[in-house]
$ cat query_0.cif   # mmCIF, C-alpha atoms
data_start
loop_
_atom_site.label_atom_id
_atom_site.label_comp_id
_atom_site.auth_asym_id
_atom_site.auth_seq_id
_atom_site.Cartn_x
_atom_site.Cartn_y
_atom_site.Cartn_z
CA GLY A 1 3.74 -20.62 1.46
CA VAL A 2 2.99 -18.66 4.62
CA VAL A 3 5.62 -17.19 6.93
CA GLY A 4 4.40 -17.39 10.50
CA ASP A 5 3.85 -19.71 13.45
CA LEU A 6 2.82 -23.24 12.46
CA GLY A 7 1.23 -23.89 15.85
CA ALA A 8 -0.88 -20.72 15.68
CA MET A 9 -1.99 -21.55 12.13
CA ARG A 10 -3.02 -25.05 13.20
CA VAL A 11 -5.06 -23.68 16.11
CA ALA A 12 -6.82 -21.27 13.73
CA ALA A 13 -7.50 -24.03 11.17
CA ARG A 14 -9.10 -26.27 13.81
CA GLY A 15 -11.60 -23.53 14.59
CA LEU A 16 -12.83 -23.46 10.99
CA ASP A 17 -15.04 -26.07 9.35
CA GLY A 18 -13.49 -27.99 6.47
CA VAL A 19 -10.06 -26.31 6.59
CA PRO A 20 -7.18 -28.80 6.21
CA GLU A 21 -4.44 -28.70 8.83
CA PRO A 22 -1.41 -26.59 7.85
CA PHE A 23 1.93 -28.34 7.47
CA GLN A 24 5.60 -27.47 7.81
CA TRP A 25 6.99 -25.92 4.62
CA ARG A 26 10.40 -24.87 3.33
CA PRO A 27 11.11 -22.61 0.34
CA ASP A 28 13.06 -25.37 -1.42
CA THR A 29 10.09 -27.78 -1.40
CA LYS A 30 7.41 -28.01 -4.09
CA PRO A 31 4.00 -26.37 -3.55
CA ALA A 32 1.42 -28.51 -1.80
CA PRO A 33 -1.15 -30.39 -3.90
CA SER A 34 -4.55 -28.76 -4.27
CA GLY A 35 -6.78 -29.51 -1.31
CA LYS A 36 -3.96 -29.84 1.21
CA GLY A 37 -3.53 -27.29 3.98
CA LEU A 38 -1.33 -24.23 3.92
CA GLY A 39 2.42 -24.70 3.91
CA VAL A 40 3.90 -22.68 6.78
CA LEU A 41 7.51 -21.60 7.12
CA SER A 42 7.54 -21.48 10.91
CA VAL A 43 9.50 -18.55 12.36
CA GLY A 44 9.45 -18.91 16.14
CA GLU A 45 6.71 -20.17 18.43
CA LEU A 46 4.15 -17.92 20.11
CA SER A 47 3.09 -18.41 23.71
CA PRO A 48 -0.62 -19.15 24.39
CA ALA A 49 -1.02 -15.60 25.74
CA ALA A 50 0.16 -14.11 22.43
CA MET A 51 -2.36 -16.16 20.43
CA ARG A 52 -5.51 -14.76 22.07
CA PRO A 53 -7.72 -13.29 19.33
CA GLY A 54 -8.28 -9.55 19.71
CA LYS A 55 -5.59 -9.22 22.38
CA PRO A 56 -2.48 -7.62 20.82
CA SER A 57 0.83 -8.02 22.64
CA VAL A 58 4.46 -7.01 22.34
CA GLU A 59 5.33 -10.67 21.74
CA GLY A 60 2.86 -10.95 18.88
CA ALA A 61 3.97 -7.65 17.34
CA ASP A 62 7.61 -8.67 17.49
CA ALA A 63 6.73 -11.96 15.79
CA ALA A 64 4.84 -10.09 13.05
CA TYR A 65 7.93 -7.95 12.47
CA ARG A 66 10.08 -11.08 12.05
CA TYR A 67 7.57 -12.61 9.62
CA ILE A 68 7.69 -9.47 7.44
CA VAL A 69 11.49 -9.34 7.47
CA THR A 70 11.74 -13.03 6.58
CA GLY A 71 9.28 -12.71 3.71
CA ALA A 72 10.99 -9.60 2.33
CA ARG A 73 14.40 -11.24 2.41
CA MET A 74 13.00 -14.27 0.58
CA ALA A 75 11.54 -12.01 -2.11
CA MET A 76 14.81 -10.12 -2.52
CA ALA A 77 16.76 -13.38 -2.72
CA GLY A 78 14.49 -14.82 -5.40
CA GLU A 79 13.13 -17.52 -3.08
CA ALA A 80 9.64 -16.07 -3.56
CA ASP A 81 8.07 -14.50 -6.64
CA ALA A 82 6.08 -11.98 -4.61
CA LEU A 83 5.22 -10.96 -1.05
CA VAL A 84 1.63 -10.70 0.20
CA THR A 85 1.33 -9.17 3.66
CA ALA A 86 -1.55 -9.40 6.13
CA PRO A 87 -2.75 -6.44 8.23
CA ILE A 88 -0.66 -5.58 11.29
CA ASN A 89 -1.33 -3.57 14.43
CA LYS A 90 0.87 -0.50 13.89
CA GLU A 91 0.53 0.73 17.47
CA TRP A 92 1.84 -2.54 18.88
CA LEU A 93 4.57 -2.81 16.25
CA ASN A 94 5.94 0.44 17.66
CA ARG A 95 5.41 -0.70 21.25
CA ALA A 96 7.61 -3.68 20.41
CA GLY A 97 10.40 -1.27 19.46
CA HIS A 98 10.05 -1.39 15.67
CA ARG A 99 9.59 2.28 14.80
CA PHE A 100 7.78 2.15 11.48
CA PRO A 101 4.40 3.66 10.55
CA GLY A 102 3.57 0.50 8.56
CA HIS A 103 4.68 -2.27 6.23
CA SER A 104 5.64 0.01 3.35
CA GLU A 105 8.20 2.03 5.28
CA LEU A 106 9.74 -1.14 6.74
CA LEU A 107 9.96 -2.85 3.34
CA ALA A 108 11.51 0.27 1.80
CA LYS A 109 14.22 0.32 4.47
CA LEU A 110 14.93 -3.42 4.16
CA SER A 111 15.32 -3.12 0.37
CA HIS A 112 17.18 0.23 0.47
CA THR A 113 14.45 1.79 -1.67
CA ARG A 114 14.32 5.59 -1.63
CA ARG A 115 11.47 6.16 -4.08
CA TRP A 116 8.32 4.17 -3.41
CA ARG A 117 4.63 4.87 -3.08
CA MET A 118 1.52 3.20 -1.74
CA MET A 119 -0.95 2.39 -4.51
CA PHE A 120 -4.41 0.82 -4.39
CA ALA A 121 -5.92 -1.10 -7.28
CA GLY A 122 -9.49 -2.25 -7.79
CA ASP A 123 -11.86 -2.97 -10.65
CA ARG A 124 -12.86 0.67 -11.12
CA LEU A 125 -10.02 2.72 -9.67
CA ARG A 126 -6.24 2.75 -9.23
CA LEU A 127 -4.83 5.41 -6.95
CA ALA A 128 -1.40 6.33 -5.53
CA LEU A 129 -0.65 8.51 -2.50
CA VAL A 130 1.92 11.30 -2.28
CA THR A 131 2.03 11.19 1.53
CA VAL A 132 1.01 8.17 3.58
CA HIS A 133 0.89 7.71 7.36
CA MET A 134 1.12 11.15 8.94
CA GLY A 135 -1.13 13.52 10.83
CA LEU A 136 -3.24 15.77 8.63
CA ALA A 137 -1.70 18.92 10.13
CA LYS A 138 1.71 17.88 8.76
CA VAL A 139 0.65 17.14 5.18
CA SER A 140 0.91 20.64 3.72
CA ALA A 141 4.52 21.04 4.82
CA ALA A 142 5.34 17.55 3.51
CA LEU A 143 4.06 18.25 -0.01
CA THR A 144 6.85 19.17 -2.43
CA ARG A 145 7.02 19.56 -6.20
CA GLU A 146 9.46 16.68 -6.44
CA GLY A 147 7.36 14.45 -4.19
CA VAL A 148 4.24 14.98 -6.29
CA PHE A 149 6.20 14.53 -9.52
CA GLN A 150 7.84 11.32 -8.30
CA THR A 151 4.43 9.91 -7.39
CA ILE A 152 3.08 10.65 -10.88
CA ALA A 153 6.22 9.20 -12.51
CA LEU A 154 6.27 6.00 -10.38
CA LEU A 155 2.58 5.44 -11.05
CA ALA A 156 3.01 5.95 -14.80
CA GLU A 157 5.95 3.53 -14.90
CA HIS A 158 4.00 0.92 -12.94
CA LEU A 159 1.05 1.19 -15.31
CA ARG A 160 3.31 0.82 -18.33
CA SER A 161 5.48 -2.04 -17.06
CA ARG A 162 3.05 -4.02 -14.87
CA VAL A 163 -0.41 -3.29 -16.28
CA ALA A 164 0.56 -2.87 -19.96
CA VAL A 165 -1.08 0.55 -20.29
CA ARG A 166 0.93 2.01 -23.14
CA ARG A 167 0.25 5.71 -22.45
CA PRO A 168 -1.39 6.12 -19.03
CA ARG A 169 -3.75 9.00 -18.35
CA ILE A 170 -3.27 10.12 -14.76
CA ALA A 171 -5.59 12.41 -12.79
CA VAL A 172 -3.92 14.50 -10.08
CA LEU A 173 -6.07 15.77 -7.22
CA GLY A 174 -5.73 19.18 -5.63
CA PHE A 175 -5.06 19.59 -1.93
CA ASN A 176 -7.58 22.24 -0.91
CA PRO A 177 -11.38 22.42 -1.36
CA HIS A 178 -12.25 23.07 -5.02
CA ALA A 179 -8.52 22.60 -5.82
CA GLY A 180 -7.84 25.95 -4.14
CA GLU A 181 -10.09 28.19 -6.28
CA HIS A 182 -7.00 29.83 -7.85
CA GLY A 183 -5.37 30.51 -4.49
CA LEU A 184 -8.49 31.58 -2.60
CA PHE A 185 -8.37 28.55 -0.27
CA GLY A 186 -4.63 27.88 -0.20
CA ASP A 187 -1.49 28.03 -2.32
CA GLU A 188 -0.47 24.35 -2.46
CA GLU A 189 -1.94 23.93 -5.94
CA GLY A 190 -0.07 26.83 -7.52
CA ARG A 191 3.11 26.42 -5.47
CA VAL A 192 3.51 22.62 -5.59
CA ILE A 193 0.97 20.60 -7.54
CA ILE A 194 0.69 22.49 -10.83
CA PRO A 195 4.50 22.72 -11.30
CA ALA A 196 4.74 18.96 -10.62
CA ILE A 197 2.05 18.23 -13.22
CA ARG A 198 3.83 20.40 -15.78
CA LYS A 199 7.12 18.63 -15.11
CA ALA A 200 5.40 15.28 -15.64
CA GLN A 201 3.94 16.54 -18.93
CA ARG A 202 7.39 17.70 -20.06
CA ASN A 203 8.58 14.15 -19.34
CA GLY A 204 5.95 12.67 -21.65
CA ILE A 205 3.36 11.70 -19.02
CA ASP A 206 -0.31 12.43 -19.64
CA ALA A 207 -1.04 14.04 -16.26
CA TYR A 208 -4.15 16.17 -15.71
CA GLY A 209 -5.20 18.46 -12.91
CA PRO A 210 -5.32 19.57 -10.26
CA LEU A 211 -8.87 18.22 -10.02
CA ALA A 212 -11.25 19.22 -7.25
CA PRO A 213 -11.02 16.30 -4.79
CA ASP A 214 -14.72 16.27 -3.89
CA THR A 215 -15.89 15.75 -7.48
CA ALA A 216 -12.97 13.95 -9.13
CA PHE A 217 -14.60 10.52 -8.77
CA ALA A 218 -18.25 11.60 -9.14
CA CYS A 219 -18.78 10.04 -12.56
CA PRO A 220 -22.28 9.99 -14.11
CA GLN A 221 -24.30 6.86 -13.35
CA GLY A 222 -22.77 3.92 -15.20
CA ALA A 223 -19.83 5.92 -16.56
CA ALA A 224 -16.27 4.71 -16.00
CA PHE A 225 -13.58 6.86 -14.40
CA PRO A 226 -12.01 8.54 -17.47
CA PHE A 227 -8.40 8.06 -16.30
CA ASP A 228 -6.17 5.02 -15.88
CA ALA A 229 -5.25 6.05 -12.34
CA ALA A 230 -5.22 8.98 -9.92
CA VAL A 231 -2.80 10.63 -7.51
CA ALA A 232 -4.04 11.83 -4.12
CA MET A 233 -2.12 14.16 -1.82
CA TYR A 234 -2.80 12.39 1.48
CA HIS A 235 -4.12 9.15 2.96
CA ASP A 236 -7.81 9.79 3.58
CA GLN A 237 -8.27 11.96 0.48
CA GLY A 238 -7.51 8.91 -1.64
CA LEU A 239 -8.60 6.06 0.61
CA ILE A 240 -12.12 7.36 1.18
CA ALA A 241 -12.72 7.11 -2.57
CA VAL A 242 -11.00 3.72 -2.89
CA LYS A 243 -12.86 2.15 0.03
CA ALA A 244 -16.21 3.63 -0.98
CA LEU A 245 -15.89 2.25 -4.52
CA GLU A 246 -13.74 -0.86 -4.03
CA PHE A 247 -13.87 -1.98 -0.39
CA ASP A 248 -14.20 -5.71 -1.10
CA ARG A 249 -11.89 -5.68 -4.13
CA ALA A 250 -9.04 -3.22 -3.58
CA VAL A 251 -5.46 -4.45 -3.27
CA ASN A 252 -2.59 -2.42 -1.83
CA VAL A 253 0.55 -2.47 -4.00
CA THR A 254 3.84 -0.85 -2.98
CA ILE A 255 5.23 0.54 -6.22
CA GLY A 256 8.95 1.21 -6.54
CA LEU A 257 10.18 -1.81 -4.54
CA PRO A 258 12.56 -4.29 -6.24
CA PHE A 259 9.99 -7.06 -5.71
CA VAL A 260 6.21 -7.38 -5.94
CA ARG A 261 4.47 -6.62 -2.66
CA THR A 262 0.70 -6.63 -2.28
CA SER A 263 -1.71 -6.58 0.63
CA PRO A 264 -5.49 -6.79 0.98
CA ASP A 265 -7.10 -3.45 1.63
CA HIS A 266 -8.59 -3.53 5.10
CA GLY A 267 -10.61 -1.71 7.74
CA ARG A 268 -14.21 -1.79 8.92
CA SER A 269 -17.20 -1.28 6.67
CA CYS A 270 -20.71 -0.34 7.74
#

$ encode --input "query_0.cif" --output "structure tokens"
Amino acid sequence: GVVGDLGAMRVAARGLDGVPEPFQWRPDTKPAPSGKGLGVLSVGELSPAAMRPGKPSVEGADAAYRYIVTGARMAMAGEADALVTAPINKEWLNRAGHRFPGHSELLAKLSHTRRWRMMFAGDRLRLALVTVHMGLAKVSAALTREGVFQTIALLAEHLRSRVAVRRPRIAVLGFNPHAGEHGLFGDEEGRVIIPAIRKAQRNGIDAYGPLAPDTAFACPQGAAFPFDAAVAMYHDQGLIAVKALEFDRAVNVTIGLPFVRTSPDHGRSC
């Protein structure tokens, strides 16, 4: 089922050829037969002004917040097996008074989850991020040995428990160009990343690195990435690779939550 506004979903369906009209749905009812429209758990009713395509509003952002909260609570209560979220406008979410950089931070707070990470999965690459939504100038100060280690450990556990990879091989990227060139371009590798990798290895995790970020995914033509997953230090370092290789296939997974949460990767392509 879909958590949202039944009226808005019906308006959208009428603008598409061959799409059945959505219907009112409740979590205690059986799934709709194949070929019937989407079942919608209606949470509030948007005004016509808030339903204008391409025109974000405080009303619409506040409604999106309520949809996320409702879906998360259903997942935590066992009323849903998993939560799939759609893209949101983060600027307008904050304008509406909900001070979160994105879905992941909101879901972590709702579920009282301290250790979580954003991971992306596609056909050719899985990748988790140490830091997520922050300005690039703040990333170096935000990188810690424990933060990098926890990312490696959460990713390894996810691969073992959810993907059935018995002994995951995890590539860990450096932070600086050429992974720092032994301190020539910065000390984050020696001060933070290498100690985190060694701690992961002492805990039985096959972690490798730090790898130079600009060549880590440059496999020979036709060759597969030789690791089960990778860890990137910041958002664009990892997402540029994911979206270049997997733009139409990648799925965002929040690892560490007490329920399954996924989202389609999104953005504009050329």

$ closest_residue --input "query_0.cif" --among "A:Thr70, A:Gln150, A:Ser140, A:Thr85" --to "A:Leu41" --atoms "all atoms listed in the file"
A:Thr70

$ residues_around --input "query_0.cif" --residues "A:Leu129" --least-positions-apart "2" --cutoff "9 Å" --atoms "only C-alpha atoms" --output "ChimeraX atom specification"
/A:117-120,127,131-132,148,151,230-235,237-239

$ resolve_selection --input "query_0.cif" --expression "the PyMOL selection byres ((chain A and resi 169-174) around 6)" --output "ChimeraX atom specification"
/A:168,175-176,179,206-213,227-232

$ atom_distance --input "query_0.cif" --atom1 "atom CA of A:Glu45" --atom2 "atom CA of A:Asp5"
5.8 Å

$ resolve_selection --input "query_0.cif" --expression "the PyMOL selection byres ((chain A and resi 261-263) around 10)" --output "PyMOL selection string"
chain A and resi 72+75+81-87+103-104+107+118-121+250-260+264-266

$ closest_residue --input "query_0.cif" --among "A:Arg26, A:Lys243, A:Arg66, A:His98" --to "A:Gly4" --atoms "all atoms listed in the file"
A:Arg66

$ atom_distance --input "query_0.cif" --atom1 "atom CA of A:Leu143" --atom2 "atom CA of A:Val192"
7.1 Å

$ closest_residue --input "query_0.cif" --among "A:Asp187, A:Asp236, A:Glu21, A:Asp123" --to "A:Gly7" --atoms "all atoms listed in the file"
A:Glu21

$ closest_residue --input "query_0.cif" --among "A:Met9, A:Ala200, A:Met74, A:Ala49" --to "A:Gly147" --atoms "all atoms listed in the file"
A:Ala200

$ axis_aligned_box --input "query_0.cif" --around "stretch 129-145 of chain A" --padding-each-side "8 Å" --output "lines of an AutoDock Vina configuration file"
center_x = 1.9
center_y = 14.4
center_z = 2.3
size_x = 26.3
size_y = 29.3
size_z = 33.0

$ atom_distance --input "query_0.cif" --atom1 "atom CA of A:Ile205" --atom2 "atom CA of A:Leu125"
18.6 Å

$ resolve_selection --input "query_0.cif" --expression "the PyMOL selection byres ((chain A and resi 95) around 12)" --output "PyMOL selection string"
chain A and resi 56-62+65+89-94+96-101

$ decode --input "query_0.cif" --residues "stretch 53-81 of chain A" --atoms "N, CA, C and O atoms" --output "PDB file, in the first residue's frame"
ATOM      1  N   PRO A  53       2.142  20.440  -9.707  1.00  0.00           N
ATOM      2  CA  PRO A  53       3.433  19.812 -10.008  1.00  0.00           C
ATOM      3  C   PRO A  53       4.541  20.856 -10.139  1.00  0.00           C
ATOM      4  O   PRO A  53       4.360  21.910 -10.758  1.00  0.00           O
ATOM      5  N   GLY A  54       5.687  20.565  -9.532  1.00  0.00           N
ATOM      6  CA  GLY A  54       6.836  21.458  -9.635  1.00  0.00           C
ATOM      7  C   GLY A  54       6.742  22.704  -8.792  1.00  0.00           C
ATOM      8  O   GLY A  54       7.583  23.609  -8.929  1.00  0.00           O
ATOM      9  N   LYS A  55       5.748  22.780  -7.901  1.00  0.00           N
ATOM     10  CA  LYS A  55       5.564  23.954  -7.057  1.00  0.00           C
ATOM     11  C   LYS A  55       5.558  23.523  -5.586  1.00  0.00           C
ATOM     12  O   LYS A  55       4.503  23.334  -4.984  1.00  0.00           O
ATOM     13  N   PRO A  56       6.728  23.344  -4.982  1.00  0.00           N
ATOM     14  CA  PRO A  56       6.772  22.886  -3.587  1.00  0.00           C
ATOM     15  C   PRO A  56       6.152  23.913  -2.651  1.00  0.00           C
ATOM     16  O   PRO A  56       6.137  25.114  -2.937  1.00  0.00           O
ATOM     17  N   SER A  57       5.640  23.433  -1.527  1.00  0.00           N
ATOM     18  CA  SER A  57       4.984  24.304  -0.554  1.00  0.00           C
ATOM     19  C   SER A  57       5.205  23.766   0.841  1.00  0.00           C
ATOM     20  O   SER A  57       5.548  22.591   1.037  1.00  0.00           O
ATOM     21  N   VAL A  58       5.010  24.622   1.824  1.00  0.00           N
ATOM     22  CA  VAL A  58       5.101  24.195   3.219  1.00  0.00           C
ATOM     23  C   VAL A  58       4.042  23.140   3.507  1.00  0.00           C
ATOM     24  O   VAL A  58       4.303  22.143   4.203  1.00  0.00           O
ATOM     25  N   GLU A  59       2.833  23.328   2.963  1.00  0.00           N
ATOM     26  CA  GLU A  59       1.770  22.349   3.178  1.00  0.00           C
ATOM     27  C   GLU A  59       2.157  20.981   2.641  1.00  0.00           C
ATOM     28  O   GLU A  59       1.972  19.954   3.304  1.00  0.00           O
ATOM     29  N   GLY A  60       2.690  20.957   1.431  1.00  0.00           N
ATOM     30  CA  GLY A  60       3.092  19.687   0.834  1.00  0.00           C
ATOM     31  C   GLY A  60       4.237  19.028   1.588  1.00  0.00           C
ATOM     32  O   GLY A  60       4.259  17.809   1.778  1.00  0.00           O
ATOM     33  N   ALA A  61       5.204  19.840   2.036  1.00  0.00           N
ATOM     34  CA  ALA A  61       6.337  19.303   2.788  1.00  0.00           C
ATOM     35  C   ALA A  61       5.892  18.739   4.133  1.00  0.00           C
ATOM     36  O   ALA A  61       6.373  17.688   4.566  1.00  0.00           O
ATOM     37  N   ASP A  62       4.962  19.416   4.779  1.00  0.00           N
ATOM     38  CA  ASP A  62       4.455  18.925   6.057  1.00  0.00           C
ATOM     39  C   ASP A  62       3.705  17.610   5.863  1.00  0.00           C
ATOM     40  O   ASP A  62       3.814  16.695   6.680  1.00  0.00           O
ATOM     41  N   ALA A  63       2.959  17.512   4.757  1.00  0.00           N
ATOM     42  CA  ALA A  63       2.265  16.258   4.460  1.00  0.00           C
ATOM     43  C   ALA A  63       3.263  15.133   4.208  1.00  0.00           C
ATOM     44  O   ALA A  63       3.089  14.013   4.698  1.00  0.00           O
ATOM     45  N   ALA A  64       4.331  15.423   3.459  1.00  0.00           N
ATOM     46  CA  ALA A  64       5.359  14.407   3.199  1.00  0.00           C
ATOM     47  C   ALA A  64       5.964  13.902   4.503  1.00  0.00           C
ATOM     48  O   ALA A  64       6.215  12.702   4.668  1.00  0.00           O
ATOM     49  N   TYR A  65       6.204  14.819   5.437  1.00  0.00           N
ATOM     50  CA  TYR A  65       6.733  14.431   6.746  1.00  0.00           C
ATOM     51  C   TYR A  65       5.779  13.460   7.436  1.00  0.00           C
ATOM     52  O   TYR A  65       6.193  12.426   7.975  1.00  0.00           O
ATOM     53  N   ARG A  66       4.484  13.758   7.406  1.00  0.00           N
ATOM     54  CA  ARG A  66       3.504  12.886   8.065  1.00  0.00           C
ATOM     55  C   ARG A  66       3.423  11.520   7.385  1.00  0.00           C
ATOM     56  O   ARG A  66       3.238  10.495   8.048  1.00  0.00           O
ATOM     57  N   TYR A  67       3.578  11.482   6.064  1.00  0.00           N
ATOM     58  CA  TYR A  67       3.563  10.194   5.360  1.00  0.00           C
ATOM     59  C   TYR A  67       4.746   9.330   5.815  1.00  0.00           C
ATOM     60  O   TYR A  67       4.601   8.123   6.039  1.00  0.00           O
ATOM     61  N   ILE A  68       5.924   9.950   5.932  1.00  0.00           N
ATOM     62  CA  ILE A  68       7.117   9.207   6.349  1.00  0.00           C
ATOM     63  C   ILE A  68       6.945   8.665   7.765  1.00  0.00           C
ATOM     64  O   ILE A  68       7.237   7.493   8.043  1.00  0.00           O
ATOM     65  N   VAL A  69       6.470   9.517   8.665  1.00  0.00           N
ATOM     66  CA  VAL A  69       6.286   9.102  10.052  1.00  0.00           C
ATOM     67  C   VAL A  69       5.286   7.955  10.143  1.00  0.00           C
ATOM     68  O   VAL A  69       5.506   6.964  10.856  1.00  0.00           O
ATOM     69  N   THR A  70       4.188   8.059   9.408  1.00  0.00           N
ATOM     70  CA  THR A  70       3.171   7.000   9.419  1.00  0.00           C
ATOM     71  C   THR A  70       3.744   5.687   8.906  1.00  0.00           C
ATOM     72  O   THR A  70       3.567   4.623   9.518  1.00  0.00           O
ATOM     73  N   GLY A  71       4.457   5.739   7.796  1.00  0.00           N
ATOM     74  CA  GLY A  71       5.047   4.524   7.236  1.00  0.00           C
ATOM     75  C   GLY A  71       6.073   3.901   8.159  1.00  0.00           C
ATOM     76  O   GLY A  71       6.126   2.673   8.320  1.00  0.00           O
ATOM     77  N   ALA A  72       6.899   4.728   8.793  1.00  0.00           N
ATOM     78  CA  ALA A  72       7.917   4.206   9.713  1.00  0.00           C
ATOM     79  C   ALA A  72       7.268   3.536  10.918  1.00  0.00           C
ATOM     80  O   ALA A  72       7.706   2.459  11.351  1.00  0.00           O
ATOM     81  N   ARG A  73       6.238   4.155  11.450  1.00  0.00           N
ATOM     82  CA  ARG A  73       5.555   3.557  12.603  1.00  0.00           C
ATOM     83  C   ARG A  73       4.882   2.241  12.234  1.00  0.00           C
ATOM     84  O   ARG A  73       4.856   1.303  13.038  1.00  0.00           O
ATOM     85  N   MET A  74       4.350   2.150  11.032  1.00  0.00           N
ATOM     86  CA  MET A  74       3.768   0.885  10.576  1.00  0.00           C
ATOM     87  C   MET A  74       4.839  -0.192  10.484  1.00  0.00           C
ATOM     88  O   MET A  74       4.623  -1.342  10.895  1.00  0.00           O
ATOM     89  N   ALA A  75       6.004   0.164   9.951  1.00  0.00           N
ATOM     90  CA  ALA A  75       7.098  -0.810   9.827  1.00  0.00           C
ATOM     91  C   ALA A  75       7.573  -1.270  11.200  1.00  0.00           C
ATOM     92  O   ALA A  75       7.832  -2.462  11.416  1.00  0.00           O
ATOM     93  N   MET A  76       7.680  -0.354  12.139  1.00  0.00           N
ATOM     94  CA  MET A  76       8.146  -0.711  13.480  1.00  0.00           C
ATOM     95  C   MET A  76       7.109  -1.546  14.232  1.00  0.00           C
ATOM     96  O   MET A  76       7.472  -2.368  15.082  1.00  0.00           O
ATOM     97  N   ALA A  77       5.829  -1.344  13.903  1.00  0.00           N
ATOM     98  CA  ALA A  77       4.766  -2.093  14.571  1.00  0.00           C
ATOM     99  C   ALA A  77       4.485  -3.440  13.917  1.00  0.00           C
ATOM    100  O   ALA A  77       3.648  -4.204  14.401  1.00  0.00           O
ATOM    101  N   GLY A  78       5.164  -3.742  12.825  1.00  0.00           N
ATOM    102  CA  GLY A  78       4.929  -4.992  12.127  1.00  0.00           C
ATOM    103  C   GLY A  78       3.732  -4.967  11.207  1.00  0.00           C
ATOM    104  O   GLY A  78       3.320  -6.009  10.685  1.00  0.00           O
ATOM    105  N   GLU A  79       3.165  -3.785  10.968  1.00  0.00           N
ATOM    106  CA  GLU A  79       2.032  -3.663  10.043  1.00  0.00           C
ATOM    107  C   GLU A  79       2.490  -3.623   8.589  1.00  0.00           C
ATOM    108  O   GLU A  79       1.675  -3.737   7.682  1.00  0.00           O
ATOM    109  N   ALA A  80       3.785  -3.440   8.375  1.00  0.00           N
ATOM    110  CA  ALA A  80       4.370  -3.457   7.039  1.00  0.00           C
ATOM    111  C   ALA A  80       5.684  -4.221   7.110  1.00  0.00           C
ATOM    112  O   ALA A  80       6.402  -4.143   8.114  1.00  0.00           O
ATOM    113  N   ASP A  81       5.988  -4.972   6.061  1.00  0.00           N
ATOM    114  CA  ASP A  81       7.228  -5.744   6.042  1.00  0.00           C
ATOM    115  C   ASP A  81       8.438  -4.880   5.715  1.00  0.00           C
ATOM    116  O   ASP A  81       9.572  -5.228   6.062  1.00  0.00           O
TER     117      ASP A  81
END
